[in-house]
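Structure first, then comments.
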Amino acid sequence: MSLLGRVCLLAVVIAGVRSDILAQSLTARTNGDRLRVSVEGVRFLSGDALRKLRDGVPVDYVFRLTALTSRVGSVLAKAEYRFVISYDIFEEKFQVSRIRPTPRVLSHLSLAAAEAACVDILELPIQSISSTKPFWLRWEYEAEESKPAENSEVSLGGLVEIFSRKTAKEPSRGVVESGPFILSNLPRIAPGRGGTNP
């Protein structure tokens with residue numbers, strides 16, 4: 001391949017990666033004493049994690065939401081959410097079981113609905129965030145295989161997990177950052193709409 005061809009190919013690859021990054025966004029709004037966050041353009045149920053789910057293997061997901069004084073500044077507020085996501089290979093539907101901070105189970109979900117069930121509930125307390133000083137938000141996710149309980153009954157998912165251990169790859173993970181935000185400038189959720197998460 002000529003030098004010009006290589007340069008063009010590199011430019012296409014960089015442009016593709018750049019457009020994918022730009023498509024990811026993190027927005028915020030206030031709801032009483034809580035900061036609610038929405039994440040767009042991120043497909044975290046993908047790759048190895050999605051393949052494991054469709055093989056019947058549950059996957060643990062941890063989501064961390066952090067408010068910082070700057071992109072690399074000190075932490076103002078932080079919350080962690082933990083889910084176990086599973087897939088019914090017969091009904092071809094997902095189940096999202098929230099473990100932390102409060103238990104909740106949603107089942108018979110499409111892939112998009114399962115992702116939304118994890119992301120749409122993200123929030124932070126705003127007491128430690130200044131209403132007039134800028135701050136940044138960071139959303140992180142990490143996926144790992146669920147560890148089977150001791151003395152548990154053998155299941156199809158368990159067998160798949162056992163035989164796939166040798167080829168297991170690194171857990172899926174990602175980060176989306178956005179800012180600066182100013183609390184007093186953020187849109188507010190009207191009373192009675194988008195209330196506190198159950």
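The chains in the structure tokens are called A, B, ... from first to last as shown; in each chain the residues are counted from 1, and the ligands are counted from 1 in the order shown.
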Given only C-alpha atoms, how would the per-residue table for stretch 35-65 of chain A near stretch 178-185 of chain A read, listing every residue at most 12 Å away with its closest atom pair and distance in Å to one decimal, sorted by chain and number, as CSV?
residue,atom,partner,partner_atom,distance
A:Leu35,CA,A:Leu183,CA,8.7
A:Arg36,CA,A:Leu183,CA,11.3
A:Val37,CA,A:Ser178,CA,10.9
A:Ser38,CA,A:Ser178,CA,11.3
A:Val39,CA,A:Ser178,CA,10.2
A:Glu40,CA,A:Ser178,CA,11.7
A:Leu65,CA,A:Ser178,CA,11.6
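Minimum atom-to-atom distance to A:Leu122, evaluated using only C-alpha atoms, belongs to A:Ala79 out of A:Val59, A:Ala79, A:Ile189, A:Ile89.
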Exercise. Extract, using only C-alpha atoms, all DNA, RNA and protein residues at most 7 Å from A:Arg82, discarding same-chain residues fewer than 2 positions from it, and format them as an MDAnalysis selection string.
Key: chainID A and resid 61:63 80 98:100
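Nearest residue to A:Leu106, choosing from A:Ile126, A:Glu140, A:Ile85, A:Phe135 and counting only C-alpha atoms: A:Ile85.
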Practice problem: Once DSSP has gone over the backbone, tell me which residues of stretch 39-148 of chain A are in strand (DSSP E or B), as an MDAnalysis selection string. | Solution: chainID A and resid 39:40 59:68 75:88 93:100 104:109 123:125 134:145
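Closest to A:Val119 among A:Thr27, A:Asp48, A:Pro134, A:Glu92 is A:Thr27, based on only C-alpha atoms.
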Contacts of A:Leu137 at 6 Å or less, counting only C-alpha atoms, minus same-chain residues fewer than 2 places along, as a PDB file with all heavy atoms, in the first residue's frame?
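Ended up saving to around23.pdb:
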ATOM      1  N   THR A  66     -19.493   9.815  39.631  1.00  0.00           N
ATOM      2  CA  THR A  66     -18.691  10.688  40.484  1.00  0.00           C
ATOM      3  C   THR A  66     -18.788  12.128  40.014  1.00  0.00           C
ATOM      4  O   THR A  66     -18.709  12.395  38.814  1.00  0.00           O
ATOM      5  CB  THR A  66     -17.207  10.255  40.470  1.00  0.00           C
ATOM      6  OG1 THR A  66     -17.112   8.849  40.716  1.00  0.00           O
ATOM      7  CG2 THR A  66     -16.414  11.002  41.529  1.00  0.00           C
ATOM      8  N   ALA A  67     -18.956  13.048  40.949  1.00  0.00           N
ATOM      9  CA  ALA A  67     -18.858  14.483  40.676  1.00  0.00           C
ATOM     10  C   ALA A  67     -17.508  14.949  41.207  1.00  0.00           C
ATOM     11  O   ALA A  67     -17.131  14.626  42.341  1.00  0.00           O
ATOM     12  CB  ALA A  67     -19.983  15.246  41.358  1.00  0.00           C
ATOM     13  N   GLU A 177     -16.890  10.974  30.498  1.00  0.00           N
ATOM     14  CA  GLU A 177     -16.728  12.172  31.325  1.00  0.00           C
ATOM     15  C   GLU A 177     -17.334  13.364  30.612  1.00  0.00           C
ATOM     16  O   GLU A 177     -17.321  13.431  29.385  1.00  0.00           O
ATOM     17  CB  GLU A 177     -15.244  12.440  31.602  1.00  0.00           C
ATOM     18  CG  GLU A 177     -14.565  11.360  32.415  1.00  0.00           C
ATOM     19  CD  GLU A 177     -13.083  11.639  32.604  1.00  0.00           C
ATOM     20  OE1 GLU A 177     -12.469  12.214  31.676  1.00  0.00           O
ATOM     21  OE2 GLU A 177     -12.544  11.310  33.664  1.00  0.00           O
ATOM     22  N   SER A 178     -17.847  14.294  31.382  1.00  0.00           N
ATOM     23  CA  SER A 178     -18.424  15.493  30.780  1.00  0.00           C
ATOM     24  C   SER A 178     -18.377  16.644  31.776  1.00  0.00           C
ATOM     25  O   SER A 178     -18.417  16.452  32.975  1.00  0.00           O
ATOM     26  CB  SER A 178     -19.867  15.234  30.354  1.00  0.00           C
ATOM     27  OG  SER A 178     -20.368  16.298  29.593  1.00  0.00           O
TER      28      SER A 178
END
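Taking only C-alpha atoms, the non-local environment of A:Arg54 within 12 Å (same-chain residues fewer than 6 positions away omitted) comprises Leu45, Ser46, Gly47, Asp48, Ile85, Ser86, Tyr87, Asp88, Ile89, Phe90, Glu91, Glu92, Lys93, Phe94, Gln95, Leu111, Leu156, Gly157, Val160 and Glu161 of chain A.
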Suppose we keep C-alpha atoms; can you now write the selection as a PDB file, in the first residue's frame?
ATOM      1  CA  LEU A  45     -24.152  -4.792  26.789  1.00  0.00           C
ATOM      2  CA  SER A  46     -21.847  -5.764  23.964  1.00  0.00           C
ATOM      3  CA  GLY A  47     -18.772  -7.780  23.078  1.00  0.00           C
ATOM      4  CA  ASP A  48     -17.709 -10.632  25.357  1.00  0.00           C
ATOM      5  CA  ILE A  85     -27.824  -9.084  34.359  1.00  0.00           C
ATOM      6  CA  SER A  86     -29.008 -12.381  32.953  1.00  0.00           C
ATOM      7  CA  TYR A  87     -30.564 -13.615  29.722  1.00  0.00           C
ATOM      8  CA  ASP A  88     -33.337 -16.141  29.188  1.00  0.00           C
ATOM      9  CA  ILE A  89     -32.120 -18.096  26.172  1.00  0.00           C
ATOM     10  CA  PHE A  90     -35.601 -19.519  25.542  1.00  0.00           C
ATOM     11  CA  GLU A  91     -37.622 -16.275  25.783  1.00  0.00           C
ATOM     12  CA  GLU A  92     -34.693 -14.221  24.400  1.00  0.00           C
ATOM     13  CA  LYS A  93     -35.227 -11.551  27.052  1.00  0.00           C
ATOM     14  CA  PHE A  94     -32.965  -9.938  29.636  1.00  0.00           C
ATOM     15  CA  GLN A  95     -33.417  -9.608  33.392  1.00  0.00           C
ATOM     16  CA  LEU A 111     -31.431  -5.297  25.101  1.00  0.00           C
ATOM     17  CA  LEU A 156     -27.029 -24.685  31.467  1.00  0.00           C
ATOM     18  CA  GLY A 157     -25.507 -21.278  32.210  1.00  0.00           C
ATOM     19  CA  VAL A 160     -21.299 -22.874  29.713  1.00  0.00           C
ATOM     20  CA  GLU A 161     -19.407 -20.766  32.274  1.00  0.00           C
TER      21      GLU A 161
END
Practice problem: Might you pull out every residue within 9 Å of A:Glu142, with only C-alpha atoms counted and same-chain residues fewer than 5 positions away left off, and present them as a VMD selection string? | Solution: chain A and resid 44 60 to 64 171 to 174
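Closest approach to A:Pro103 among A:Gly32, A:Val84, A:Ala190, A:Leu26 is made by A:Val84 (distances from only C-alpha atoms).
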